[in-house]
$ cat query_30.txt   # compact mmCIF, C-alpha atoms
# COMPACT_ATOMS: atom_id res chain seq x y z
CA MET A 222 -23.11 9.01 -0.31
CA PRO A 223 -20.73 8.33 2.61
CA ALA A 224 -17.63 6.91 0.91
CA THR A 225 -14.04 7.63 1.97
CA ILE A 226 -10.75 6.67 0.31
CA VAL A 227 -7.48 6.34 2.22
CA VAL A 228 -4.45 6.52 -0.06
CA GLY A 229 -0.69 6.60 0.46
CA THR A 230 0.95 9.69 -1.01
CA GLN A 231 4.62 8.67 -1.05
CA TRP A 232 6.27 5.29 -1.81
CA GLY A 233 4.28 3.27 0.67
CA ASP A 234 4.80 2.41 4.34
CA GLU A 235 3.18 5.70 5.38
CA GLY A 236 1.05 4.12 8.10
CA LYS A 237 -2.19 3.63 6.18
CA GLY A 238 -3.14 0.70 8.38
CA LYS A 239 -3.24 2.75 11.57
CA LEU A 240 -5.29 5.56 10.05
CA THR A 241 -7.63 3.12 8.33
CA ASP A 242 -8.09 1.37 11.63
CA LEU A 243 -8.84 4.71 13.30
CA ILE A 244 -11.37 5.85 10.69
CA ALA A 245 -12.91 2.37 10.58
CA LYS A 246 -14.65 3.02 13.89
CA GLU A 247 -17.24 4.97 11.88
CA MET A 248 -17.46 2.52 8.97
CA SER A 249 -19.63 -0.45 8.05
CA LEU A 250 -17.39 -1.79 5.27
CA VAL A 251 -13.63 -1.52 4.68
CA VAL A 252 -12.68 -2.44 1.11
CA ARG A 253 -9.21 -3.29 -0.23
CA TYR A 254 -9.26 -2.26 -3.89
CA GLN A 255 -5.86 -3.25 -5.36
CA GLY A 256 -2.48 -4.85 -4.71
CA GLY A 257 -1.73 -8.15 -3.06
CA HIS A 258 0.29 -9.51 -0.17
CA ASN A 259 3.32 -7.47 -1.25
CA ALA A 260 2.18 -4.71 1.10
CA GLY A 261 1.79 -4.97 4.85
CA HIS A 262 -0.10 -2.89 7.39
CA THR A 263 0.92 -2.86 11.05
CA ILE A 264 -1.66 -1.93 13.69
CA VAL A 265 -0.91 -1.81 17.42
CA VAL A 266 -3.90 -2.51 19.70
CA ASP A 267 -3.43 -2.43 23.48
CA GLY A 268 0.28 -2.99 23.00
CA GLU A 269 -0.30 -5.96 20.69
CA SER A 270 0.94 -5.68 17.11
CA PHE A 271 -1.04 -7.04 14.16
CA ALA A 272 0.69 -7.30 10.77
CA LEU A 273 -1.90 -7.56 8.00
CA GLN A 274 -1.11 -8.44 4.41
CA LEU A 275 -4.33 -9.13 2.49
CA LEU A 276 -7.07 -8.63 5.03
CA PRO A 277 -8.45 -5.07 5.23
CA SER A 278 -7.55 -3.20 8.40
CA GLY A 279 -11.19 -3.09 9.50
CA VAL A 280 -11.10 -6.81 10.31
CA LEU A 281 -10.08 -5.87 13.86
CA TYR A 282 -13.55 -4.37 14.48
CA ASP A 283 -16.52 -6.64 15.15
CA HIS A 284 -18.97 -4.33 13.35
CA ILE A 285 -16.94 -4.10 10.12
CA VAL A 286 -17.43 -6.19 7.00
CA PRO A 287 -13.90 -6.46 5.53
CA VAL A 288 -14.00 -6.73 1.74
CA ILE A 289 -11.32 -7.82 -0.75
CA GLY A 290 -12.35 -6.20 -4.02
CA ASN A 291 -12.06 -7.34 -7.61
CA GLY A 292 -8.91 -5.26 -8.16
CA VAL A 293 -6.86 -7.25 -5.64
CA VAL A 294 -4.69 -10.23 -6.59
CA VAL A 295 -5.05 -12.98 -4.00
CA ASP A 296 -2.71 -15.77 -3.01
CA PRO A 297 -5.35 -18.00 -1.39
CA VAL A 298 -2.77 -19.96 0.61
CA VAL A 299 -1.46 -16.73 2.15
CA LEU A 300 -5.00 -15.47 2.77
CA LEU A 301 -6.00 -18.63 4.62
CA ALA A 302 -2.80 -18.56 6.68
CA GLU A 303 -3.50 -14.94 7.64
CA ILE A 304 -7.08 -15.82 8.63
CA ASP A 305 -5.81 -18.74 10.75
CA SER A 306 -3.22 -16.52 12.42
CA LEU A 307 -5.74 -13.83 13.35
CA GLU A 308 -8.38 -16.26 14.54
CA ALA A 309 -5.78 -17.97 16.74
CA ARG A 310 -5.40 -14.56 18.41
CA GLY A 311 -9.14 -14.15 18.92
CA ILE A 312 -9.98 -12.08 15.82
CA ASP A 313 -13.19 -13.18 14.08
CA CYS A 314 -12.71 -13.25 10.28
CA SER A 315 -16.04 -14.85 9.41
CA ARG A 316 -17.44 -11.55 8.04
CA LEU A 317 -14.79 -11.39 5.30
CA ALA A 318 -16.11 -11.03 1.74
CA VAL A 319 -13.80 -11.82 -1.20
CA SER A 320 -14.71 -10.79 -4.73
CA GLY A 321 -15.27 -13.70 -7.07
CA ASN A 322 -13.65 -11.54 -9.76
CA ALA A 323 -10.35 -11.07 -7.92
CA HIS A 324 -7.46 -12.84 -9.65
CA LEU A 325 -5.49 -15.63 -8.04
CA ILE A 326 -1.73 -15.89 -7.51
CA PHE A 327 -0.36 -19.38 -8.14
CA PRO A 328 3.12 -20.87 -7.52
CA TYR A 329 4.05 -20.42 -11.19
CA HIS A 330 3.52 -16.66 -10.83
CA GLN A 331 5.94 -16.56 -7.92
CA GLU A 332 8.51 -18.69 -9.74
CA LEU A 333 8.37 -16.42 -12.78
CA ASP A 334 8.62 -13.33 -10.58
CA ARG A 335 11.84 -14.62 -9.02
CA LEU A 336 13.35 -15.69 -12.34
CA ILE A 337 12.49 -12.47 -14.19
CA GLU A 338 13.94 -10.34 -11.40
CA ARG A 339 17.14 -12.42 -11.37
CA HIS A 340 17.37 -12.23 -15.16
CA LEU A 341 17.20 -8.42 -15.07
CA GLY A 342 20.41 -8.33 -13.02
CA LYS A 343 21.51 -4.78 -12.27
CA ASN A 344 18.31 -3.50 -13.90
CA LYS A 345 16.10 -5.38 -11.43
CA LEU A 346 13.00 -3.60 -10.20
CA GLY A 347 13.22 -4.65 -6.56
CA THR A 348 9.96 -6.60 -6.53
CA THR A 349 8.89 -8.58 -3.48
CA LYS A 350 8.90 -11.76 -5.63
CA ARG A 351 5.40 -12.60 -4.40
CA GLY A 352 4.01 -13.15 -7.91
CA ILE A 353 2.06 -9.87 -8.00
CA GLY A 354 3.36 -8.56 -11.35
CA PRO A 355 3.00 -11.84 -13.27
CA THR A 356 -0.55 -12.23 -11.96
CA TYR A 357 -1.58 -8.76 -13.11
CA ALA A 358 0.16 -9.49 -16.44
CA ASP A 359 -1.96 -12.62 -16.86
CA LYS A 360 -5.05 -10.59 -16.01
CA ALA A 361 -4.23 -8.09 -18.77
CA SER A 362 -3.40 -10.94 -21.17
CA ARG A 363 -6.79 -12.52 -20.35
CA VAL A 364 -5.32 -15.81 -19.22
CA GLY A 365 -5.77 -15.15 -15.51
CA ILE A 366 -7.61 -17.41 -13.10
CA ARG A 367 -10.13 -15.82 -10.76
CA VAL A 368 -11.40 -16.65 -7.28
CA GLN A 369 -14.72 -17.83 -8.70
CA ASP A 370 -12.89 -20.44 -10.78
CA LEU A 371 -12.06 -22.31 -7.57
CA LEU A 372 -15.77 -23.10 -7.30
CA ASP A 373 -15.95 -24.88 -10.67
CA GLU A 374 -13.66 -27.89 -11.02
CA LYS A 375 -14.04 -28.19 -14.79
CA ILE A 376 -13.19 -24.55 -15.45
CA LEU A 377 -10.25 -24.55 -13.04
CA ARG A 378 -8.70 -27.62 -14.66
CA GLU A 379 -9.21 -26.26 -18.18
CA LYS A 380 -7.68 -22.90 -17.31
CA LEU A 381 -4.67 -24.38 -15.51
CA ARG A 382 -3.94 -26.71 -18.42
CA ALA A 383 -4.16 -23.86 -20.89
CA VAL A 384 -2.03 -21.36 -18.97
CA LEU A 385 0.60 -23.88 -17.85
CA GLY A 386 0.99 -25.10 -21.40
CA GLU A 387 2.53 -21.69 -22.10
CA LYS A 388 4.21 -21.03 -18.75
CA ASN A 389 5.97 -24.40 -18.71
CA LEU A 390 7.45 -23.71 -22.13
CA ILE A 391 8.79 -20.37 -20.88
CA LEU A 392 10.21 -21.96 -17.73
CA ALA A 393 11.93 -24.71 -19.72
CA LYS A 394 13.11 -22.85 -22.82
CA VAL A 395 14.02 -19.49 -21.34
CA TYR A 396 15.01 -20.27 -17.75
CA ASN A 397 15.92 -23.98 -17.90
CA ARG A 398 13.53 -24.78 -15.07
CA LEU A 399 11.04 -27.57 -14.51
CA GLY A 400 7.40 -26.72 -15.07
CA PHE A 401 4.25 -27.42 -13.05
CA ASP A 402 1.75 -30.26 -13.46
CA PRO A 403 -1.67 -28.64 -14.01
CA ASP A 404 -3.63 -31.63 -12.74
CA GLU A 405 -1.57 -31.92 -9.56
CA MET A 406 -2.04 -28.21 -8.96
CA ALA A 407 -5.77 -28.44 -9.60
CA ASP A 408 -6.08 -31.40 -7.23
CA ARG A 409 -4.31 -29.52 -4.48
CA TYR A 410 -6.30 -26.31 -4.82
CA LEU A 411 -9.63 -28.10 -5.17
CA SER A 412 -9.05 -30.23 -2.09
CA GLU A 413 -7.12 -27.89 0.22
CA VAL A 414 -8.06 -24.35 -0.82
CA ALA A 415 -11.45 -24.20 -2.51
CA PRO A 416 -13.54 -25.63 0.37
CA ARG A 417 -12.07 -23.11 2.80
CA ILE A 418 -12.28 -20.11 0.47
CA ALA A 419 -15.83 -20.83 -0.71
CA PRO A 420 -17.66 -19.34 2.35
CA TYR A 421 -15.99 -15.98 1.77
CA VAL A 422 -16.62 -15.62 -1.98
CA SER A 423 -19.14 -12.86 -2.66
CA ASP A 424 -20.60 -10.43 -5.16
CA THR A 425 -18.69 -7.58 -3.57
CA VAL A 426 -19.84 -4.94 -6.07
CA SER A 427 -23.46 -5.48 -4.98
CA LEU A 428 -22.37 -5.63 -1.35
CA VAL A 429 -20.66 -2.23 -1.57
CA HIS A 430 -23.50 -0.57 -3.49
CA GLU A 431 -26.15 -1.87 -1.12
CA ALA A 432 -24.21 -0.35 1.76
CA LEU A 433 -23.83 2.99 -0.02
CA GLU A 434 -27.50 3.09 -1.03
CA ALA A 435 -28.47 2.44 2.58
CA GLY A 436 -26.37 5.42 3.69
CA ARG A 437 -23.80 3.28 5.50
CA ASN A 438 -20.19 4.43 5.68
CA VAL A 439 -17.73 2.66 3.38
CA LEU A 440 -13.96 3.03 3.48
CA PHE A 441 -11.79 2.15 0.47
CA GLU A 442 -8.25 1.15 1.43
CA GLY A 443 -5.36 1.17 -1.01
CA ALA A 444 -2.11 -0.75 -0.75
CA GLN A 445 1.29 0.64 -1.77
CA ALA A 446 1.07 4.35 -2.65
CA THR A 447 0.84 7.13 -5.23
CA PHE A 448 4.41 7.00 -6.51
CA LEU A 449 4.25 3.24 -6.93
CA ASP A 450 1.21 3.61 -9.21
CA LEU A 451 1.62 1.79 -12.52
CA ASP A 452 0.64 4.87 -14.55
CA HIS A 453 1.66 7.77 -12.33
CA GLY A 454 4.56 6.46 -10.27
CA THR A 455 8.32 6.40 -10.87
CA TYR A 456 8.00 3.87 -13.70
CA PRO A 457 9.34 1.19 -14.10
CA PHE A 458 10.06 1.07 -10.36
CA VAL A 459 6.39 0.75 -9.51
CA THR A 460 3.77 -1.81 -8.58
CA SER A 461 1.50 -3.51 -11.12
CA SER A 462 -1.77 -1.80 -10.21
CA ASN A 463 -3.23 1.65 -9.49
CA PRO A 464 -3.05 2.63 -5.80
CA ILE A 465 -4.18 6.22 -6.49
CA ALA A 466 -7.67 7.24 -5.43
CA GLY A 467 -9.11 6.68 -8.91
CA GLY A 468 -8.07 3.04 -8.62
CA ALA A 469 -10.70 2.56 -5.91
CA CYS A 470 -13.46 3.06 -8.46
CA VAL A 471 -12.12 0.34 -10.75
CA GLY A 472 -10.91 -2.01 -8.04
CA ALA A 473 -14.15 -1.96 -6.06
CA GLY A 474 -16.72 -1.29 -8.77
CA VAL A 475 -18.03 2.14 -7.79
CA GLY A 476 -18.39 5.36 -9.77
CA PRO A 477 -16.53 8.55 -8.77
CA ARG A 478 -19.67 10.45 -7.78
CA HIS A 479 -20.00 8.15 -4.77
CA ILE A 480 -16.72 9.38 -3.24
CA ASP A 481 -17.07 12.14 -0.64
CA ARG A 482 -13.70 12.24 1.08
CA ILE A 483 -10.12 11.36 0.08
CA VAL A 484 -7.55 11.21 2.86
CA GLY A 485 -3.90 11.16 1.88
CA ILE A 486 -1.35 9.58 4.23
CA ALA A 487 2.24 10.82 4.42
CA LYS A 488 5.06 10.19 6.85
CA ALA A 489 6.76 13.22 8.41
CA TYR A 490 9.75 12.10 6.37
CA VAL A 491 10.04 9.80 3.32
CA THR A 492 11.05 6.19 2.78
CA ARG A 493 10.99 3.81 -0.14
CA VAL A 494 11.86 0.16 -0.71
CA GLY A 495 13.54 -1.20 -3.80
CA SER A 496 15.07 0.61 -6.74
CA GLY A 497 14.15 3.92 -8.32
CA PRO A 498 14.78 7.66 -7.96
CA MET A 499 14.43 9.33 -4.56
CA PRO A 500 15.64 12.96 -4.55
CA THR A 501 15.75 13.45 -0.76
CA GLU A 502 17.43 10.14 0.07
CA LEU A 503 19.90 10.32 2.95
CA PHE A 504 23.06 8.21 3.08
CA ASP A 505 24.45 9.59 6.32
CA GLU A 506 23.94 9.15 10.04
CA VAL A 507 20.73 11.19 9.88
CA GLY A 508 19.26 8.61 7.53
CA ASP A 509 20.46 5.78 9.77
CA LEU A 510 18.80 7.45 12.75
CA LEU A 511 15.49 7.77 10.86
CA VAL A 512 15.64 4.07 10.03
CA ASP A 513 16.49 3.06 13.58
CA ARG A 514 13.92 5.29 15.29
CA GLY A 515 11.20 4.56 12.75
CA HIS A 516 11.91 0.81 12.59
CA GLU A 517 12.01 1.22 8.84
CA TYR A 518 12.03 -2.38 7.72
CA GLY A 519 9.37 -4.01 5.57
CA VAL A 520 6.48 -5.65 7.44
CA ASN A 521 6.58 -8.65 5.12
CA THR A 522 9.95 -8.54 3.40
CA LYS A 523 12.07 -7.20 6.32
CA ARG A 524 14.03 -5.15 3.78
CA ARG A 525 15.63 -1.92 5.03
CA ARG A 526 13.83 1.11 3.71
CA ARG A 527 15.66 4.00 2.11
CA PRO A 528 15.20 7.16 4.25
CA GLY A 529 14.93 10.82 3.30
CA TRP A 530 13.57 14.20 4.37
CA PHE A 531 9.95 15.16 3.61
CA ASP A 532 9.46 15.94 -0.08
CA ALA A 533 6.80 18.61 -0.63
CA VAL A 534 7.29 18.49 -4.42
CA MET A 535 6.05 14.91 -4.41
CA LEU A 536 3.15 15.76 -2.13
CA ARG A 537 1.93 18.59 -4.36
CA HIS A 538 1.72 16.12 -7.21
CA ALA A 539 -0.01 13.54 -5.01
CA VAL A 540 -2.61 16.15 -4.06
CA ARG A 541 -3.36 16.65 -7.76
CA LEU A 542 -3.44 12.98 -8.71
CA ASN A 543 -5.72 11.98 -5.84
CA SER A 544 -7.86 15.12 -5.39
CA LEU A 545 -7.01 14.98 -1.71
CA SER A 546 -9.46 16.60 0.66
CA GLU A 547 -7.14 16.29 3.65
CA LEU A 548 -3.81 14.90 4.80
CA ALA A 549 -2.71 12.73 7.70
CA ILE A 550 0.92 12.98 8.83
CA THR A 551 2.27 9.90 10.57
CA LYS A 552 5.38 9.26 12.64
CA LEU A 553 5.92 12.89 13.60
CA ASP A 554 7.41 11.55 16.83
CA ILE A 555 10.34 10.00 14.93
CA LEU A 556 11.67 13.55 14.40
CA ASP A 557 11.64 14.29 18.15
CA VAL A 558 15.43 14.09 18.54
CA PHE A 559 16.49 16.37 15.68
CA PRO A 560 17.61 19.96 16.48
CA THR A 561 16.59 20.96 12.96
CA VAL A 562 14.35 19.33 10.34
CA LYS A 563 14.37 19.81 6.60
CA VAL A 564 11.64 19.96 3.97
CA CYS A 565 12.33 19.71 0.25
CA VAL A 566 10.37 22.59 -1.34
CA ALA A 567 11.76 22.40 -4.89
CA TYR A 568 14.20 20.53 -7.14
CA ASP A 569 17.22 21.99 -8.85
CA ILE A 570 17.48 20.23 -12.22
CA ASN A 571 20.48 21.29 -14.28
CA GLY A 572 20.35 24.78 -12.81
CA THR A 573 16.58 25.28 -13.13
CA ARG A 574 14.28 25.36 -10.10
CA HIS A 575 11.21 23.12 -10.28
CA THR A 576 8.39 23.34 -7.74
CA HIS A 577 6.35 20.59 -9.41
CA LEU A 578 7.32 17.03 -10.25
CA PRO A 579 9.06 16.79 -13.65
CA TYR A 580 7.35 14.46 -16.09
CA HIS A 581 10.58 13.06 -17.57
CA GLN A 582 12.35 10.31 -15.65
CA SER A 583 15.82 11.60 -16.55
CA ASP A 584 15.00 14.94 -14.92
CA LEU A 585 13.80 13.21 -11.77
CA HIS A 586 17.01 11.16 -11.57
CA ALA A 587 18.99 14.41 -11.89
CA ALA A 588 16.92 16.32 -9.32
CA VAL A 589 18.81 17.90 -6.41
CA PRO A 590 16.56 18.81 -3.47
CA VAL A 591 16.19 22.44 -2.43
CA TYR A 592 15.57 22.48 1.32
CA GLU A 593 13.95 24.79 3.84
CA GLU A 594 15.33 24.18 7.31
CA LEU A 595 13.07 24.51 10.34
CA PRO A 596 13.84 24.30 14.06
CA GLY A 597 13.24 20.94 15.69
CA TRP A 598 11.31 20.52 18.93
CA GLU A 599 13.51 17.96 20.74
CA THR A 600 10.50 16.97 22.85
CA ASP A 601 8.84 13.60 23.31
CA LEU A 602 5.50 13.72 21.45
CA SER A 603 4.27 10.26 22.47
CA GLY A 604 1.80 11.68 25.00
CA ALA A 605 0.31 14.36 22.73
CA ARG A 606 -3.42 13.90 22.09
CA GLU A 607 -4.50 17.45 21.18
CA ARG A 608 -2.99 20.06 18.88
CA GLY A 609 -2.19 22.22 21.89
CA ASP A 610 -0.09 19.39 23.38
CA LEU A 611 2.39 19.73 20.52
CA PRO A 612 5.35 22.07 21.07
CA ALA A 613 5.37 25.28 19.04
CA ALA A 614 8.11 24.05 16.70
CA ALA A 615 6.14 20.91 15.84
CA ARG A 616 3.03 22.99 15.10
CA THR A 617 5.14 25.29 12.94
CA TYR A 618 6.43 22.27 11.01
CA LEU A 619 2.90 21.04 10.34
CA GLU A 620 1.71 24.50 9.31
CA PHE A 621 4.65 24.76 6.92
CA LEU A 622 3.71 21.43 5.34
CA GLU A 623 0.11 22.60 4.94
CA GLU A 624 1.28 25.78 3.20
CA GLN A 625 3.56 23.82 0.90
CA VAL A 626 1.02 21.24 -0.29
CA GLY A 627 -2.22 23.22 -0.01
CA VAL A 628 -4.23 20.64 1.94
CA PRO A 629 -5.24 20.73 5.64
CA ILE A 630 -3.59 18.26 8.00
CA THR A 631 -6.35 16.67 10.08
CA PHE A 632 -4.51 13.77 11.74
CA VAL A 633 -1.00 13.58 13.20
CA GLY A 634 0.57 10.32 14.40
CA THR A 635 2.59 10.66 17.62
CA GLY A 636 3.44 7.00 18.25
CA PRO A 637 2.69 3.44 17.10
CA GLY A 638 -0.23 2.84 19.45
CA ARG A 639 -3.84 2.87 18.32
CA ASP A 640 -4.55 5.93 20.53
CA GLN A 641 -1.33 7.84 19.83
CA TYR A 642 -2.51 10.57 17.51
CA VAL A 643 -3.63 14.19 17.42
CA ARG A 644 -6.87 14.95 15.59
CA ARG A 645 -7.76 18.48 14.57
CA ALA A 646 -10.92 19.60 16.33
CA ASP A 647 -12.73 20.46 13.08
CA ALA A 648 -11.73 17.20 11.33
CA ALA A 649 -14.58 15.13 9.90

$ encode --input "query_30.txt" --output "structure tokens"
Amino acid sequence: MPATIVVGTQWGDEGKGKLTDLIAKEMSLVVRYQGGHNAGHTIVVDGESFALQLLPSGVLYDHIVPVIGNGVVVDPVVLLAEIDSLEARGIDCSRLAVSGNAHLIFPYHQELDRLIERHLGKNKLGTTKRGIGPTYADKASRVGIRVQDLLDEKILREKLRAVLGEKNLILAKVYNRLGFDPDEMADRYLSEVAPRIAPYVSDTVSLVHEALEAGRNVLFEGAQATFLDLDHGTYPFVTSSNPIAGGACVGAGVGPRHIDRIVGIAKAYVTRVGSGPMPTELFDEVGDLLVDRGHEYGVNTKRRRRPGWFDAVMLRHAVRLNSLSELAITKLDILDVFPTVKVCVAYDINGTRHTHLPYHQSDLHAAVPVYEELPGWETDLSGARERGDLPAAARTYLEFLEEQVGVPITFVGTGPGRDQYVRRADAA
């Protein structure tokens, strides 16, 4: 059955939105399967930039049904604001389907997120303070409130009273903060949010399966990326869900035999936001240049991203974790000005060479990158549309990456525009 997963293979911000938007031309449904509004996708259409937070990238196509799956945590106020913003710019969002089983982010989640992060001090995780972690924690603790609960006043009031009975005690006794009135919150959400959300609430599992059974193309879109995965990332500096390809099955309600194609997205260099180990991180003028040329600031948070050279050790592990069938390399054009470019091919850890990611966090913190240096191309790639348009040094760089990670590169980003990419002739 025609199902494709697009997954980030680094620490996020790889350009998943652009590739998803590109592949979406052939799709009927685009499904977000995890995360929340802590991740942003930027898509440039005809010179106009669209920054998406919760809405799947396919919303920009009239023929796409954008789906927010059960694995996503949804701040309904943010979702409605995003819908209003897009519709004000002429984008029709009426086709949106939101899973009734997706969990809701409330103001108390955001307050707790801020307070917990502040309480951790120097050990803070670098969260976006959007309430994502506390909402997933409530989901696991079975005290979460779901989208469908907005459609039943009695249930919503009962659940808010129950959960705020505990949360208000924590806010008062631990953090010396005022709590929230459950009835006031229920009144607000029932009057201002529920009526507007109701038309979008759907049985998205059935929606996805009906499309697959009819032979229609479905794209599953992850937020964040492999090394922010709760189980497989650089824990504890991770997100609170599973962005890896396997997370699509849980977060959208499909079995693995339905998946035909898994496309990994990687930047031609590496960035990450927040705390945590990053072996190839650059603290010099080269890193500053990568940030400046790549506009490496968070779409939502505006935080400066930490830059580094491409890390093939990470990518080999991402290939394993996601069973990647192919790789897309974005932002190759950002390297246009460098006379030489580097690729980390191994780690030196206490005098021992490692070509695969160490399992122990202490080893990863101690890892020193082992680089291969390749000639740069010092040529503007923004006009390249075919592999032959790329200079020889750029093609050599891509071939070297393919050799290092063992997966074919089928897409190459050569600029921010929707049409600025090179696609291999034999790509699907």

$ closest_residue --input "query_30.txt" --among "A:Lys552, A:His479, A:His258, A:Arg351" --to "Phe531 (chain A)" --atoms "all atoms listed in the file"
A:Lys552

$ atom_distance --input "query_30.txt" --atom1 "CA of Val626 (chain A)" --atom2 "CA of Lys563 (chain A)"
15.1 Å

$ residues_around --input "query_30.txt" --residues "Leu451 (chain A)" --least-positions-apart "2" --cutoff "8 Å" --atoms "only C-alpha atoms" --output "ChimeraX atom specification"
/A:449,453-454,456-457,459-463

$ closest_residue --input "query_30.txt" --among "A:Arg644, A:Gln255, A:Lys239, A:Tyr568" --to "Ala444 (chain A)" --atoms "all atoms listed in the file"
A:Gln255

$ residues_around --input "query_30.txt" --residues "Ile483 (chain A)" --least-positions-apart "4" --cutoff "6 Å" --atoms "only C-alpha atoms" --output "PyMOL selection string"
chain A and resi 225-226+545-546

$ write_last_selection --input "query_30.txt" --atoms "C-alpha atoms" --output "short mmCIF file (atom, residue, chain, number, x, y, z; two decimals), keeping the file's coordinate frame"
data_model
loop_
_atom_site.label_atom_id
_atom_site.label_comp_id
_atom_site.auth_asym_id
_atom_site.auth_seq_id
_atom_site.Cartn_x
_atom_site.Cartn_y
_atom_site.Cartn_z
CA THR A 225 -14.04 7.63 1.97
CA ILE A 226 -10.75 6.67 0.31
CA LEU A 545 -7.01 14.98 -1.71
CA SER A 546 -9.46 16.60 0.66
#

$ atom_distance --input "query_30.txt" --atom1 "CA of Thr573 (chain A)" --atom2 "CA of Gly233 (chain A)"
28.7 Å

$ closest_residue --input "query_30.txt" --among "A:Phe559, A:Ser603, A:Asp532, A:Ile391" --to "Leu622 (chain A)" --atoms "all atoms listed in the file"
A:Asp532

$ residues_around --input "query_30.txt" --residues "Gln625 (chain A)" --least-positions-apart "2" --cutoff "10 Å" --atoms "all atoms listed in the file" --output "MDAnalysis selection string"
chainID A and resid 532:534 536:537 564:566 576 619:623 627:628

$ write_last_selection --input "query_30.txt" --atoms "C-alpha atoms" --output "mmCIF file, in the frame of the given file"
data_model
loop_
_atom_site.group_PDB
_atom_site.id
_atom_site.type_symbol
_atom_site.label_atom_id
_atom_site.label_comp_id
_atom_site.auth_asym_id
_atom_site.auth_seq_id
_atom_site.Cartn_x
_atom_site.Cartn_y
_atom_site.Cartn_z
ATOM 1 C CA ASP A 532 9.460 15.940 -0.080
ATOM 2 C CA ALA A 533 6.800 18.610 -0.630
ATOM 3 C CA VAL A 534 7.290 18.490 -4.420
ATOM 4 C CA LEU A 536 3.150 15.760 -2.130
ATOM 5 C CA ARG A 537 1.930 18.590 -4.360
ATOM 6 C CA VAL A 564 11.640 19.960 3.970
ATOM 7 C CA CYS A 565 12.330 19.710 0.250
ATOM 8 C CA VAL A 566 10.370 22.590 -1.340
ATOM 9 C CA THR A 576 8.390 23.340 -7.740
ATOM 10 C CA LEU A 619 2.900 21.040 10.340
ATOM 11 C CA GLU A 620 1.710 24.500 9.310
ATOM 12 C CA PHE A 621 4.650 24.760 6.920
ATOM 13 C CA LEU A 622 3.710 21.430 5.340
ATOM 14 C CA GLU A 623 0.110 22.600 4.940
ATOM 15 C CA GLY A 627 -2.220 23.220 -0.010
ATOM 16 C CA VAL A 628 -4.230 20.640 1.940
#

$ decode --input "query_30.txt" --residues "region 593-602 of chain A" --atoms "N, CA, C and O atoms" --output "mmCIF file, in the first residue's frame"
data_model
loop_
_atom_site.group_PDB
_atom_site.id
_atom_site.type_symbol
_atom_site.label_atom_id
_atom_site.label_comp_id
_atom_site.auth_asym_id
_atom_site.auth_seq_id
_atom_site.Cartn_x
_atom_site.Cartn_y
_atom_site.Cartn_z
ATOM 1 N N GLU A 593 37.010 13.763 7.776
ATOM 2 C CA GLU A 593 37.559 13.713 6.423
ATOM 3 C C GLU A 593 37.298 15.084 5.813
ATOM 4 O O GLU A 593 36.201 15.634 5.938
ATOM 5 N N GLU A 594 38.309 15.641 5.176
ATOM 6 C CA GLU A 594 38.175 16.969 4.585
ATOM 7 C C GLU A 594 38.073 16.848 3.073
ATOM 8 O O GLU A 594 38.877 16.153 2.440
ATOM 9 N N LEU A 595 37.071 17.491 2.505
ATOM 10 C CA LEU A 595 36.847 17.441 1.066
ATOM 11 C C LEU A 595 36.917 18.850 0.485
ATOM 12 O O LEU A 595 36.648 19.826 1.194
ATOM 13 N N PRO A 596 37.260 18.955 -0.800
ATOM 14 C CA PRO A 596 37.308 20.292 -1.417
ATOM 15 C C PRO A 596 35.910 20.888 -1.542
ATOM 16 O O PRO A 596 34.943 20.184 -1.838
ATOM 17 N N GLY A 597 35.813 22.192 -1.287
ATOM 18 C CA GLY A 597 34.550 22.886 -1.498
ATOM 19 C C GLY A 597 34.364 23.229 -2.959
ATOM 20 O O GLY A 597 35.259 23.007 -3.789
ATOM 21 N N TRP A 598 33.216 23.784 -3.300
ATOM 22 C CA TRP A 598 32.940 24.096 -4.703
ATOM 23 C C TRP A 598 32.910 25.596 -4.961
ATOM 24 O O TRP A 598 33.085 26.026 -6.095
ATOM 25 N N GLU A 599 32.713 26.394 -3.926
ATOM 26 C CA GLU A 599 32.743 27.858 -4.033
ATOM 27 C C GLU A 599 31.986 28.347 -5.278
ATOM 28 O O GLU A 599 32.462 29.187 -6.037
ATOM 29 N N THR A 600 30.809 27.790 -5.445
ATOM 30 C CA THR A 600 29.941 28.109 -6.586
ATOM 31 C C THR A 600 28.514 28.252 -6.076
ATOM 32 O O THR A 600 28.080 27.477 -5.217
ATOM 33 N N ASP A 601 27.787 29.198 -6.601
ATOM 34 C CA ASP A 601 26.394 29.404 -6.225
ATOM 35 C C ASP A 601 25.528 28.267 -6.782
ATOM 36 O O ASP A 601 25.440 28.082 -7.997
ATOM 37 N N LEU A 602 24.885 27.513 -5.887
ATOM 38 C CA LEU A 602 24.070 26.374 -6.308
ATOM 39 C C LEU A 602 22.595 26.710 -6.470
ATOM 40 O O LEU A 602 21.802 25.842 -6.821
#
